[in-house]
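Written out below as structure tokens is the structure these notes cover.
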There are 4 protein chains.
Amino acid sequence: MTHVRRNPEERRRRIIEAACELIPEVGVAGLTHRLVAARAGVPLGATTYYFRSLDELVEAALAAAAEVTTACLREWGEALAASRDVTATLVRLVADYLQDHVRMRTWNELYAAGGLRPELRPLARRWSDGLTELLAEHVDTTAARAAAVFIDGALLHALIHDRPIDGETLGRSLAAILGTRPA
Amino acid sequence: MTHVRRNPEERRRRIIEAACELIPEVGVAGLTHRLVAARAGVPLGATTYYFRSLDELVEAALAAAAEVTTACLREWGEALAASRDVTATLVRLVADYLQDHVRMRTWNELYAAGGLRPELRPLARRWSDGLTELLAEHVDTTAARAAAVFIDGALLHALIHDRPIDGETLGRSLAAILGTRPA
Amino acid sequence: MTHVRRNPEERRRRIIEAACELIPEVGVAGLTHRLVAARAGVPLGATTYYFRSLDELVEAALAAAAEVTTACLREWGEALAASRDVTATLVRLVADYLQDHVRMRTWNELYAAGGLRPELRPLARRWSDGLTELLAEHVDTTAARAAAVFIDGALLHALIHDRPIDGETLGRSLAAILGTRPA
Amino acid sequence: MTHVRRNPEERRRRIIEAACELIPEVGVAGLTHRLVAARAGVPLGATTYYFRSLDELVEAALAAAAEVTTACLREWGEALAASRDVTATLVRLVADYLQDHVRMRTWNELYAAGGLRPELRPLARRWSDGLTELLAEHVDTTAARAAAVFIDGALLHALIHDRPIDGETLGRSLAAILGTRPA
DNA sequence: TATGAATGAGTCTTCATTCAT
DNA sequence: GATGAATGAAGACTCATTCAT
């Protein structure tokens, strides 16, 4: 029963991490203090000690999830910058993304939460806008925005269909949207 | 106290209607018997009398929401069939759709619920697949599917941005996807 | 939707029968209008139409169960009257009885209900007293009463043990109680 | 409002105690969280905080009731060990026991619950088996078992009759069963 | 600082009972 | 006479949150 002295920051981080893990499993609305505490392996009190309310915890978790976006965007950015064929590279990146159910569900939850709670929209916009900016380095803004929109649509599609949209459709569509030749 | 003997079908319909009204307001996860009963103007017991469980009620409500889809698709189908310029007509239809926050939030909730509960996916697919079929009467299947995906992406976009995607981007993108000239 | 005209008496009887069937399965406290109606194959309303309240239905069912006792006692009475060796015959009858889990549970429920609700005790006493009277035709009253008590004890024993008391113990004990030689 | 920080063990004990008190009054099936909480003088939430479910609470209460058995058996064991006339002592002990309606009703509820829920049978067997073992120190096993069975029968008898079995019948019967001379 | 005991509001659900038809 | 729709009380249970320690 010795209290394991941990870095408070570390504690906070673990709670958020646990919440992030749970979001794709039970949805934002399914989060409870108890569930998060159990997953994080911290005492129940810790979740209220580090976060004023459950809503705040949820927001922190969604913010962390959105943060992952940043890393992802950087990767995509680097990949695109290094590539000769932007469309082909993008198709590959998107196809990989559409395989990652955990990530897709997380982002879908973020979108859904944003749809309901306006204060969360900036978080939800981060992916969408970041992707647009990224693509805008290679194509004109309109095409960039359109491609980002299409990619989000592909996310929705993948979530409710047994298999994601096929590579060819993806390639032809993105090529058309970006104004390049099909990959 | 007095048992107001109403038309049972009507009763059931009103409960579902109330739930449909509430879904864009509080989300699928925010539905409770009490909330639905209050909105429908029926006693609490009625919601459990007509639906074995809350889940069943939710499903019925989402099914009703999906049903609206059918009507909407018919309208779109007629409009497209009657039009000379498919792309232009589609752009107009989509632009209108992106103004209807209630409908968008409802469908987004349907998508989100489908992401979490596989048994709801067929409902969620109805719009997506119906739209694809519809467009397939005017363009090839790949383009049709891609356009439907893009339109769903525009829905997400509109939900988390203050204003929906602009008409020009819409027009150019759909034209590109459909393989027609810009509207 | 034609109303099957049944004899009201028959209806009542079926409801009681269904309740009797359910008592050993779910216990007296587990009876509900719905459960009984479903088992009896009658509409829900019938159970309240024929019985002023659930308590009344329960009482009627327990009374019917107690009624079975009468038939059983008659059988035992005839068997004992016809036998040369009262103890041996009684041992056989009791051993058979201890195999009949449905009957045992029913009577146990009757005893338990009687322990809680005094107005049901006369019903519960019917078996106990009837058996005593019956045996009193062959042995003195004290022995008869004692044997009846022992047999009820054997009922309890059988209910909570995997197998009922063995034949030899039964034989020796009843012989001792009845003041006869062991069977 | 104020969180009265009490000894948790004490809290738990009081809840169980309240449930034990209520069992002979309302029966096992009559127990509710509300009833127990009110009797224990604790807030409603406490009963679900200390016990995962009502079933668990009931089991704990019945286990506590069975525990009393142990103490009782020890007393009986000591009394019998110290006595010259085992039968006479046993008659006295049983006669006392048959006066204690609360205890009898509790044990009857335990038996009835065991009849319905097999997982409770070990608890119910504790008295029956303990008594048998105890008596087996003074008479042969068969007689001991038979006496225990008879005593349980006397419990049932007392519950549904206005007065328990008379001392003489008790004495003669137990003497016969134990193979001793009447007390 | 950190914890987990404590609480009561609120959830879904079941159900006896009533009563319009 | 019979039925099943209707209702609200009450049940078990969950949980965010508070707070003594």
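Every chain in the structure tokens takes a letter, A first, then B, and so on in the order presented; its residues are numbered from 1, and the ligands are numbered from 1 following the presented order.
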
Counting only C-alpha atoms, which residues of region 125-172 of chain D fall within 7 Å of region 93-115 of chain D, and what is the closest atom pair for each with its distance in Å at one decimal, ordered by chain and rising number, as a Markdown table?
| residue | atom | partner | partner_atom | distance |
| --- | --- | --- | --- | --- |
| D:Leu155 | CA | D:Leu98 | CA | 6.4 |
| D:Ala158 | CA | D:Leu98 | CA | 6.4 |
| D:Pro164 | CA | D:Leu98 | CA | 6.3 |
| D:Gly167 | CA | D:Ala95 | CA | 6.9 |

Notebook entry, point to check: Would you list which chain F residues are within 12 Å of chain C using only C-alpha atoms (C1' of nucleotides), as a PyMOL selection string?
Noted result: chain F and resi 1-5

Please dump the current selection as a PDB file, in the first residue's frame; keep N, CA and C atoms (P, O5', C5', C4', C3', O3' and C1' of nucleotides).
ATOM      1  P    DG F   1     -69.134 -10.321 -16.492  1.00  0.00           P
ATOM      2  O5'  DG F   1     -69.693 -10.394 -17.988  1.00  0.00           O
ATOM      3  C5'  DG F   1     -70.191 -11.588 -18.580  1.00  0.00           C
ATOM      4  C4'  DG F   1     -69.424 -11.883 -19.855  1.00  0.00           C
ATOM      5  C3'  DG F   1     -67.936 -12.141 -19.646  1.00  0.00           C
ATOM      6  O3'  DG F   1     -67.477 -13.042 -20.651  1.00  0.00           O
ATOM      7  C1'  DG F   1     -68.185 -10.228 -20.975  1.00  0.00           C
ATOM      8  P    DA F   2     -66.229 -13.914 -20.565  1.00  0.00           P
ATOM      9  O5'  DA F   2     -64.991 -12.996 -20.995  1.00  0.00           O
ATOM     10  C5'  DA F   2     -65.242 -11.908 -21.787  1.00  0.00           C
ATOM     11  C4'  DA F   2     -64.165 -11.678 -22.823  1.00  0.00           C
ATOM     12  C3'  DA F   2     -62.747 -12.001 -22.395  1.00  0.00           C
ATOM     13  O3'  DA F   2     -61.995 -12.212 -23.586  1.00  0.00           O
ATOM     14  C1'  DA F   2     -63.073  -9.655 -22.399  1.00  0.00           C
ATOM     15  P    DT F   3     -60.463 -12.615 -23.535  1.00  0.00           P
ATOM     16  O5'  DT F   3     -59.772 -11.238 -23.881  1.00  0.00           O
ATOM     17  C5'  DT F   3     -60.034 -10.672 -25.167  1.00  0.00           C
ATOM     18  C4'  DT F   3     -59.461  -9.290 -25.238  1.00  0.00           C
ATOM     19  C3'  DT F   3     -57.965  -9.217 -24.916  1.00  0.00           C
ATOM     20  O3'  DT F   3     -57.332  -8.716 -26.061  1.00  0.00           O
ATOM     21  C1'  DT F   3     -59.162  -7.489 -23.846  1.00  0.00           C
ATOM     22  P    DG F   4     -55.924  -9.246 -26.549  1.00  0.00           P
ATOM     23  O5'  DG F   4     -55.110  -7.888 -26.563  1.00  0.00           O
ATOM     24  C5'  DG F   4     -55.645  -6.757 -27.242  1.00  0.00           C
ATOM     25  C4'  DG F   4     -55.187  -5.492 -26.543  1.00  0.00           C
ATOM     26  C3'  DG F   4     -53.715  -5.517 -26.093  1.00  0.00           C
ATOM     27  O3'  DG F   4     -53.189  -4.201 -26.134  1.00  0.00           O
ATOM     28  C1'  DG F   4     -55.019  -5.087 -24.278  1.00  0.00           C
ATOM     29  P    DA F   5     -52.366  -3.720 -27.323  1.00  0.00           P
ATOM     30  O5'  DA F   5     -52.507  -2.139 -27.172  1.00  0.00           O
ATOM     31  C5'  DA F   5     -53.742  -1.527 -27.503  1.00  0.00           C
ATOM     32  C4'  DA F   5     -54.027  -0.384 -26.543  1.00  0.00           C
ATOM     33  C3'  DA F   5     -52.833   0.529 -26.275  1.00  0.00           C
ATOM     34  O3'  DA F   5     -53.317   1.860 -26.269  1.00  0.00           O
ATOM     35  C1'  DA F   5     -53.642  -0.315 -24.221  1.00  0.00           C
TER      36       DA F   5
END

Check: So how many Å separate CA of Trp76 (chain A) and CA of Thr180 (chain A), to one decimal?
Finding: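 The value is 18.5 Å.
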
Margin query: Taking 2 positions as the minimum chain separation for residues in the same chain, which residues sit within 12 Å of region 3-12 of chain E when counting only C-alpha atoms (C1' of nucleotides)? Answer as JSON, numbers by chain.
Written below: {"A": [1, 3, 34, 42, 43, 44, 45, 46, 47, 48, 49], "B": [30, 31, 32, 33, 34, 35, 44, 45, 47, 48, 51, 52, 53, 54, 55], "D": [1, 2, 3, 4, 5, 6, 7, 8, 9, 11, 12, 42, 43, 44, 45, 46, 47, 48, 49, 50], "E": [1, 14], "F": [11, 12, 13, 14, 15, 16, 17, 18, 19, 20, 21]}

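Every protein or nucleic acid residue with an atom no more than 8 Å from Phe150 (chain C), counting only C-alpha atoms (C1' of nucleotides) and leaving out same-chain residues fewer than 6 positions away, appears here: Leu174 of chain C; Val149, Phe150, Ile151, Asp152, Gly153 and Ala154 of chain D.
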
Next item on the list: Kindly give the distance, in Å, that separates CA of His157 (chain B) and CA of Arg125 (chain A), rounded to a single decimal.
Entry: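 According to the coordinates, CA of His157 (chain B) and CA of Arg125 (chain A) are separated by 8.3 Å.
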